[in-house]
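entry-v8.txt, holding compact mmCIF, C-alpha atoms:
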```txt
# COMPACT_ATOMS: atom_id res chain seq x y z
CA MET A 1 0.00 0.00 0.00
CA ARG A 2 1.25 3.43 -0.90
CA ILE A 3 0.15 6.40 1.22
CA MET A 4 0.54 10.07 0.11
CA ILE A 5 0.24 12.67 2.78
CA THR A 6 0.39 16.43 2.04
CA ILE A 7 1.39 18.54 4.99
CA GLU A 8 2.28 22.23 5.17
CA ALA A 9 4.96 22.53 7.80
CA SER A 10 7.89 24.66 8.74
CA ASP A 11 11.47 23.56 8.17
CA ALA A 12 11.86 22.46 11.78
CA GLU A 13 8.62 20.51 11.73
CA THR A 14 9.53 18.87 8.40
CA GLY A 15 12.94 17.72 9.70
CA ALA A 16 11.36 16.24 12.83
CA LEU A 17 8.70 14.43 10.77
CA LEU A 18 11.25 12.87 8.37
CA ALA A 19 13.41 11.70 11.23
CA ARG A 20 10.43 9.98 12.88
CA LEU A 21 9.22 8.29 9.66
CA GLN A 22 12.65 6.95 8.87
CA GLU A 23 12.87 5.66 12.42
CA LEU A 24 9.60 3.76 11.97
CA PHE A 25 9.82 2.59 8.36
CA GLY A 26 13.44 2.82 7.45
CA ASP A 27 14.27 2.70 3.75
CA ARG A 28 10.66 2.00 2.78
CA VAL A 29 9.84 5.70 3.17
CA THR A 30 10.15 7.94 0.14
CA VAL A 31 9.71 11.59 0.95
CA MET A 32 9.29 14.36 -1.62
CA VAL A 33 9.54 17.88 -0.24
CA GLU A 34 8.20 20.67 -2.38
CA GLY A 35 8.94 24.39 -1.93
CA ALA A 36 6.66 26.57 0.20
CA PRO A 37 3.67 28.01 -1.63
CA PRO A 38 4.06 31.61 -2.79
CA ALA A 39 3.08 34.08 -0.12
CA VAL A 40 -0.06 36.04 -0.75
CA ALA A 41 0.65 39.73 -0.54
CA GLU A 42 -1.58 41.42 1.92
CA GLU A 43 -3.30 44.58 0.82
CA PRO A 44 -1.77 47.61 2.54
CA ALA A 45 -3.96 49.18 5.11
CA PRO A 46 -5.44 52.47 4.03
CA PRO A 47 -3.50 55.46 5.39
CA VAL A 48 -4.89 56.93 8.54
CA ASP A 49 -5.15 60.70 8.67
CA ILE A 50 -3.59 61.81 11.92
CA PRO A 51 -4.96 65.22 12.85
CA VAL A 52 -2.24 67.80 13.33
CA SER A 53 -2.84 69.73 16.53
CA PRO A 54 -2.27 73.48 16.26
CA PRO A 55 0.44 74.91 18.47
CA PRO A 56 -0.83 75.60 21.98
CA VAL A 57 -2.19 79.10 22.44
CA GLU A 58 -1.24 80.85 25.64
CA MET A 59 -4.44 81.52 27.49
CA ILE A 60 -4.53 84.97 29.06
CA PRO A 61 -6.96 84.96 31.95
CA PRO A 62 -9.56 87.67 31.65
CA ARG A 63 -8.98 90.72 33.79
CA PRO A 64 -11.26 90.48 36.80
CA PRO A 65 -13.75 93.31 37.12
CA GLY A 66 -12.78 96.23 39.28
CA ARG A 67 -13.94 96.43 42.83
CA GLY A 68 -15.76 99.70 42.30
CA GLN A 69 -15.86 102.13 45.18
CA ILE A 70 -13.02 101.42 47.61
CA LEU A 71 -13.23 104.47 49.87
CA ARG A 72 -15.38 104.24 52.96
CA ASN A 73 -18.16 106.79 53.41
CA PRO A 74 -17.55 108.63 50.11
CA ASP A 75 -20.53 110.93 50.70
CA LEU A 76 -19.09 112.23 53.98
CA THR A 77 -22.20 111.28 55.91
CA GLY A 78 -22.77 109.79 59.32
CA ASP A 79 -21.98 111.05 62.78
CA PRO A 80 -19.21 113.65 63.07
CA VAL A 81 -15.92 112.67 64.65
CA VAL A 82 -13.63 114.99 66.64
CA TYR A 83 -10.08 114.54 65.36
CA GLY A 84 -8.50 117.39 67.27
CA GLU A 85 -9.06 120.94 68.38
CA TRP A 86 -11.35 122.65 65.89
CA GLN A 87 -11.27 119.55 63.73
CA VAL A 88 -14.67 117.93 63.48
CA GLY A 89 -15.32 115.81 60.43
CA PRO A 90 -17.31 112.90 59.03
CA ALA A 91 -16.60 109.37 60.17
CA GLU A 92 -13.94 107.39 58.24
CA TRP A 93 -12.26 110.62 57.14
CA LYS A 94 -9.49 112.41 58.97
CA LEU A 95 -8.76 116.10 58.66
CA VAL A 96 -5.00 116.75 58.77
CA ASP A 97 -2.98 119.96 58.93
CA ARG A 98 0.27 119.90 57.00
CA VAL A 99 3.17 122.29 57.25
CA GLY A 100 4.01 123.05 53.66
CA VAL A 101 6.14 125.53 51.80
CA SER A 102 6.20 128.92 53.50
CA ARG A 103 4.09 131.45 51.63
CA PRO A 104 3.39 135.16 52.18
CA GLY A 105 0.78 135.87 54.81
CA GLY A 106 1.91 134.08 57.93
CA GLU A 107 2.05 130.60 59.40
CA THR A 108 -0.31 127.80 58.47
CA GLN A 109 -3.50 128.09 60.45
CA ALA A 110 -5.46 125.21 61.96
CA VAL A 111 -8.60 124.33 60.06
CA ARG A 112 -12.08 123.42 61.12
CA CYS A 113 -14.48 120.91 59.63
CA GLU A 114 -18.12 120.96 60.63
CA PRO A 115 -20.98 118.97 59.09
CA LYS A 116 -23.73 121.43 58.19
CA ARG A 117 -27.47 120.75 58.44
CA PRO A 118 -30.46 123.04 58.13
CA GLU A 119 -30.66 123.42 61.91
CA ASN A 120 -27.08 124.68 62.24
CA SER A 121 -26.64 126.42 58.91
CA PHE A 122 -26.04 130.15 58.83
CA GLU A 123 -25.41 133.12 56.54
CA GLY A 124 -26.80 131.51 53.45
CA TYR A 125 -25.13 128.13 53.79
CA ASP A 126 -28.51 126.47 53.56
CA ARG A 127 -28.54 127.21 49.84
CA TYR A 128 -25.74 124.66 49.53
CA LEU A 129 -27.61 121.96 51.42
CA ASN A 130 -28.56 120.35 48.15
CA PRO A 131 -30.00 116.83 48.70
CA ALA A 132 -27.97 115.59 45.75
CA TYR A 133 -24.71 116.28 47.62
CA GLY A 134 -23.16 115.89 51.02
CA ASN A 135 -23.20 118.50 53.73
CA THR A 136 -19.66 118.96 55.03
CA ALA A 137 -18.37 122.52 55.25
CA VAL A 138 -14.70 123.11 56.01
CA GLU A 139 -13.29 126.36 57.34
CA MET A 140 -9.76 126.42 56.00
CA GLY A 141 -8.27 129.65 57.18
CA GLY A 142 -8.80 133.11 58.57
CA SER A 143 -7.92 136.55 57.43
CA TRP A 144 -4.24 137.03 56.56
CA ARG A 145 -3.34 133.43 57.22
CA THR A 146 -2.09 130.68 54.98
CA PHE A 147 -3.23 127.10 55.24
CA GLU A 148 -2.42 123.64 53.98
CA TRP A 149 -4.60 120.74 55.03
CA ALA A 150 -6.11 117.51 53.73
CA PHE A 151 -9.09 115.24 53.91
CA GLN A 152 -7.54 111.78 54.03
CA GLN A 153 -8.42 108.13 54.48
CA SER A 154 -5.93 105.40 55.39
CA ASP A 155 -5.86 101.64 54.73
CA VAL A 156 -7.19 102.00 51.20
CA GLY A 157 -6.40 98.67 49.53
CA VAL A 158 -5.07 98.92 45.96
CA ARG A 159 -3.86 96.21 43.57
CA ALA A 160 -0.70 96.32 41.45
CA GLY A 161 -1.30 97.34 37.85
CA TYR A 162 -4.82 98.57 38.46
CA THR A 163 -5.84 102.18 37.91
CA VAL A 164 -8.04 104.00 40.36
CA GLU A 165 -10.01 107.15 39.70
CA LEU A 166 -9.93 109.64 42.55
CA ALA A 167 -12.64 112.28 42.33
CA ALA A 168 -13.69 115.19 44.52
CA VAL A 169 -16.89 117.20 44.32
CA PHE A 170 -16.78 120.51 46.18
CA HIS A 171 -17.82 124.16 46.28
CA PRO A 172 -15.28 126.81 47.22
CA LEU A 173 -17.01 129.41 49.37
CA VAL A 174 -15.20 132.71 49.70
CA LYS A 175 -16.16 135.29 52.33
CA THR A 176 -14.84 138.77 52.82
CA ARG A 177 -14.91 141.11 55.81
CA LEU A 178 -16.60 144.49 55.47
CA ALA A 179 -15.49 147.74 57.09
CA ASP A 180 -18.00 147.29 59.90
CA GLY A 181 -16.53 143.89 60.76
CA SER A 182 -19.32 141.83 59.26
CA GLU A 183 -18.63 139.00 56.81
CA VAL A 184 -20.41 138.40 53.54
CA PHE A 185 -20.02 135.97 50.67
CA MET A 186 -18.22 137.42 47.70
CA SER A 187 -20.03 137.86 44.44
CA ALA A 188 -19.23 135.50 41.58
CA ALA A 189 -16.97 138.12 40.00
CA GLN A 190 -15.07 138.73 43.24
CA ALA A 191 -14.83 135.07 44.14
CA GLY A 192 -13.46 134.26 40.71
CA ASP A 193 -10.36 136.35 41.29
CA TRP A 194 -9.89 134.85 44.75
CA MET A 195 -10.40 131.42 43.27
CA ALA A 196 -7.07 131.69 41.49
CA ASN A 197 -5.50 131.72 44.93
CA LEU A 198 -7.07 128.45 46.11
CA GLU A 199 -5.15 125.29 45.16
CA TRP A 200 -6.06 121.62 45.42
CA ARG A 201 -4.65 118.22 44.46
CA TRP A 202 -4.96 114.46 45.12
CA VAL A 203 -2.03 112.74 46.84
CA VAL A 204 -1.41 109.02 47.46
CA ARG A 205 0.92 108.12 50.31
CA ALA A 206 2.31 104.89 51.71
CA GLN A 207 1.19 104.02 55.21
CA THR A 208 4.58 105.30 56.39
CA GLY A 209 3.73 108.76 55.02
CA ASP A 210 6.01 108.67 51.98
CA VAL A 211 4.44 110.20 48.86
CA LEU A 212 3.86 107.56 46.18
CA ALA A 213 2.22 109.85 43.64
CA ALA A 214 0.62 113.28 43.51
CA ASP A 215 -1.23 115.35 40.98
CA ASP A 216 -0.12 118.86 40.08
CA TRP A 217 -1.66 121.62 42.13
CA ARG A 218 -4.82 122.94 40.47
CA ASP A 219 -6.44 126.35 40.94
CA GLY A 220 -8.93 128.67 39.31
CA GLU A 221 -6.42 129.60 36.64
CA THR A 222 -5.95 125.95 35.61
CA LEU A 223 -9.69 125.81 34.95
CA GLY A 224 -9.23 128.49 32.31
CA THR A 225 -10.80 131.41 34.11
CA THR A 226 -10.38 133.64 37.12
CA THR A 227 -14.06 134.56 37.29
CA PHE A 228 -15.79 131.21 37.32
CA ASP A 229 -19.06 130.81 39.15
CA LEU A 230 -20.03 127.66 41.03
CA PRO A 231 -23.76 127.84 41.77
CA PRO A 232 -25.24 125.45 44.34
CA ASP A 233 -26.43 122.99 41.71
CA ARG A 234 -23.12 122.86 39.83
CA PRO A 235 -20.17 122.10 42.13
CA HIS A 236 -16.68 121.59 40.81
CA ARG A 237 -15.72 117.97 40.00
CA TYR A 238 -11.99 117.30 40.11
CA VAL A 239 -10.72 113.91 38.83
CA TRP A 240 -7.26 112.32 38.92
CA ARG A 241 -6.23 108.76 37.92
CA TRP A 242 -3.35 106.77 39.38
CA THR A 243 -2.01 103.25 38.67
CA ALA A 244 -0.86 101.29 41.71
CA PRO A 245 2.70 99.88 41.45
CA GLN A 246 2.11 97.13 44.03
CA ASP A 247 -0.44 95.47 46.29
CA ALA A 248 -0.43 97.53 49.45
CA PRO A 249 -2.69 99.68 51.57
CA VAL A 250 -2.26 103.40 50.92
CA THR A 251 -3.55 106.73 52.20
CA ALA A 252 -5.58 108.82 49.75
CA ALA A 253 -5.79 112.53 50.51
CA LEU A 254 -7.42 115.58 48.96
CA GLU A 255 -5.21 118.53 49.85
CA PHE A 256 -5.99 122.25 49.80
CA ARG A 257 -3.77 125.28 50.25
CA ASN A 258 -3.62 128.95 49.29
CA LYS A 259 -0.89 130.84 47.49
CA TRP A 260 -1.12 134.01 49.54
CA ALA A 261 -3.06 135.35 52.49
CA LEU A 262 -6.77 135.24 51.85
CA ALA A 263 -9.93 136.47 53.50
CA MET A 264 -12.07 133.93 55.33
CA THR A 265 -12.34 130.93 53.03
CA LYS A 266 -14.48 127.84 53.25
CA VAL A 267 -14.88 124.81 51.03
CA TRP A 268 -18.04 122.76 50.96
CA VAL A 269 -16.86 119.22 50.25
CA HIS A 270 -19.72 117.10 48.92
CA GLN A 271 -18.13 113.80 47.97
CA LEU A 272 -14.73 112.06 47.77
CA THR A 273 -14.57 108.82 45.78
CA CYS A 274 -11.96 106.27 44.73
CA ILE A 275 -13.11 103.76 42.11
CA GLU A 276 -10.98 100.95 40.69
CA GLN A 277 -11.23 100.91 36.90
```
Rewrite the coordinates I just gave you, this time as structure tokens.
Amino acid sequence: MRIMITIEASDAETGALLARLQELFGDRVTVMVEGAPPAVAEEPAPPVDIPVSPPPVEMIPPRPPGRGQILRNPDLTGDPVVYGEWQVGPAEWKLVDRVGVSRPGGETQAVRCEPKRPENSFEGYDRYLNPAYGNTAVEMGGSWRTFEWAFQQSDVGVRAGYTVELAAVFHPLVKTRLADGSEVFMSAAQAGDWMANLEWRWVVRAQTGDVLAADDWRDGETLGTTTFDLPPDRPHRYVWRWTAPQDAPVTAALEFRNKWALAMTKVWVHQLTCIEQ
């Protein structure tokens, strides 16, 4: 009997099989080994499109909104506080005398701050008790005296790189003494000329008292006139912007002074604000 077996095997398997058959059947085994069948080429897999990611874009976090009003009691309301002799002012605000550059007319005179209400108003002040504004009148100096003083508030928190807008709303009230010793308010024309003598500015100080930044002194001349009129319903609004260099509490102050001796002068301060932009 002749048996034909077809097996697909590897070289190692074929060698092992031949050795076993010859061991069993000896010379009676005739083995014919044919070459391996041609390999079937596999179809290449279709190319896969790998999406190319764009370069990462640096995400800049949006600037957080400003904190708005950061001064306490900007309308100068509330119970009055006694800061020193002849210095009575609104809570949260301190009235400070400063010894500045010597000017003609004498030494700097102490100032007085007194909240005004209809029951304690006098000599026409009630016309400035406009409900749209505050009611703090400040007596800055007497006849033939110079003065330099400030409304200030400490521990005002500012953030580095942020700009704050400091604004003051006030009426300058100028009085003059007549020959009989009485005092009257100047007319608009008279007060305009005196207004050139009154100066004001915003100053920002570190808590140690060092000046961090200050606006230029302003006066009636910087407003473009020496005869400007400030009726009760149109007070002067003075604005200055400052960018904080670092995170730190500061002292914000509105300062006033005169350039030469002046008749009795008062300023009606309505509002002092500090708003982060």
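Closest approach to A:Glu255 among A:Lys94, A:Arg2, A:Arg201, A:Arg72 is made by A:Arg201 (distances from all atoms listed in the file).
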Can you pull out the residues contacting A:Asn73? Cut-off 10 Å, using only C-alpha atoms, and skip same-chain residues under 5 positions away; I want them as a short mmCIF file (atom, residue, chain, number, x, y, z; two decimals) with C-alpha atoms, in the frame of the given file.
```
data_model
loop_
_atom_site.label_atom_id
_atom_site.label_comp_id
_atom_site.auth_asym_id
_atom_site.auth_seq_id
_atom_site.Cartn_x
_atom_site.Cartn_y
_atom_site.Cartn_z
CA GLY A 78 -22.77 109.79 59.32
CA PRO A 90 -17.31 112.90 59.03
CA ALA A 91 -16.60 109.37 60.17
CA GLU A 92 -13.94 107.39 58.24
CA TRP A 93 -12.26 110.62 57.14
CA GLN A 153 -8.42 108.13 54.48
CA GLN A 271 -18.13 113.80 47.97
CA LEU A 272 -14.73 112.06 47.77
CA THR A 273 -14.57 108.82 45.78
#
```
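The space separating atom CA of A:Val96 from atom CA of A:Asp215 comes to 18.2 Å.
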| said: Report as number ranges by chain all protein, DNA and RNA residues lying within 6 Å of A:Cys274, evaluated on all atoms listed in the file, omitting residues in the same chain fewer than 2 positions from it. | reply: A: 69-71, 165-166
| message | If I take atom CA of A:Pro172 and atom CA of A:Phe151, how far is one from the other in Å, to one decimal? | response |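 Going from atom CA of A:Pro172 over to atom CA of A:Phe151 covers 14.7 Å.
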Each side padded by 5 Å, which centre and which edge lengths in Å (one decimal) define the axis-aligned box around the listed atoms of stretch 74-82 of chain A? Give them as AutoDock Vina command-line options.
```
--center_x -18.2 --center_y 111.8 --center_z 58.4 --size_x 19.1 --size_y 16.4 --size_z 26.5
```
| request: Would you list the contacts of stretch 242-244 of chain A as a ChimeraX atom specification, taking every protein, DNA or RNA residue within 12 Å and counting all atoms listed in the file, but skipping same-chain residues closer than 2 positions in sequence? | output: /A:156-167,202-206,212-215,239-240,246-250,252,274-277
| query | Using only C-alpha atoms, which residue out of A:Ile5, A:Val169, A:Leu95, A:Val269 lies closest to A:Ala137? | reply |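 Between A:Ile5, A:Val169, A:Leu95, A:Val269, the residue approaching A:Ala137 most closely is A:Val269.
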| Taking (3.1, 16.3, 7.9) in the file's coordinates as the center, which residues reach within 12 Å of it, counting all atoms listed in the file, put as a ChimeraX atom specification? | /A:4-21,31-33
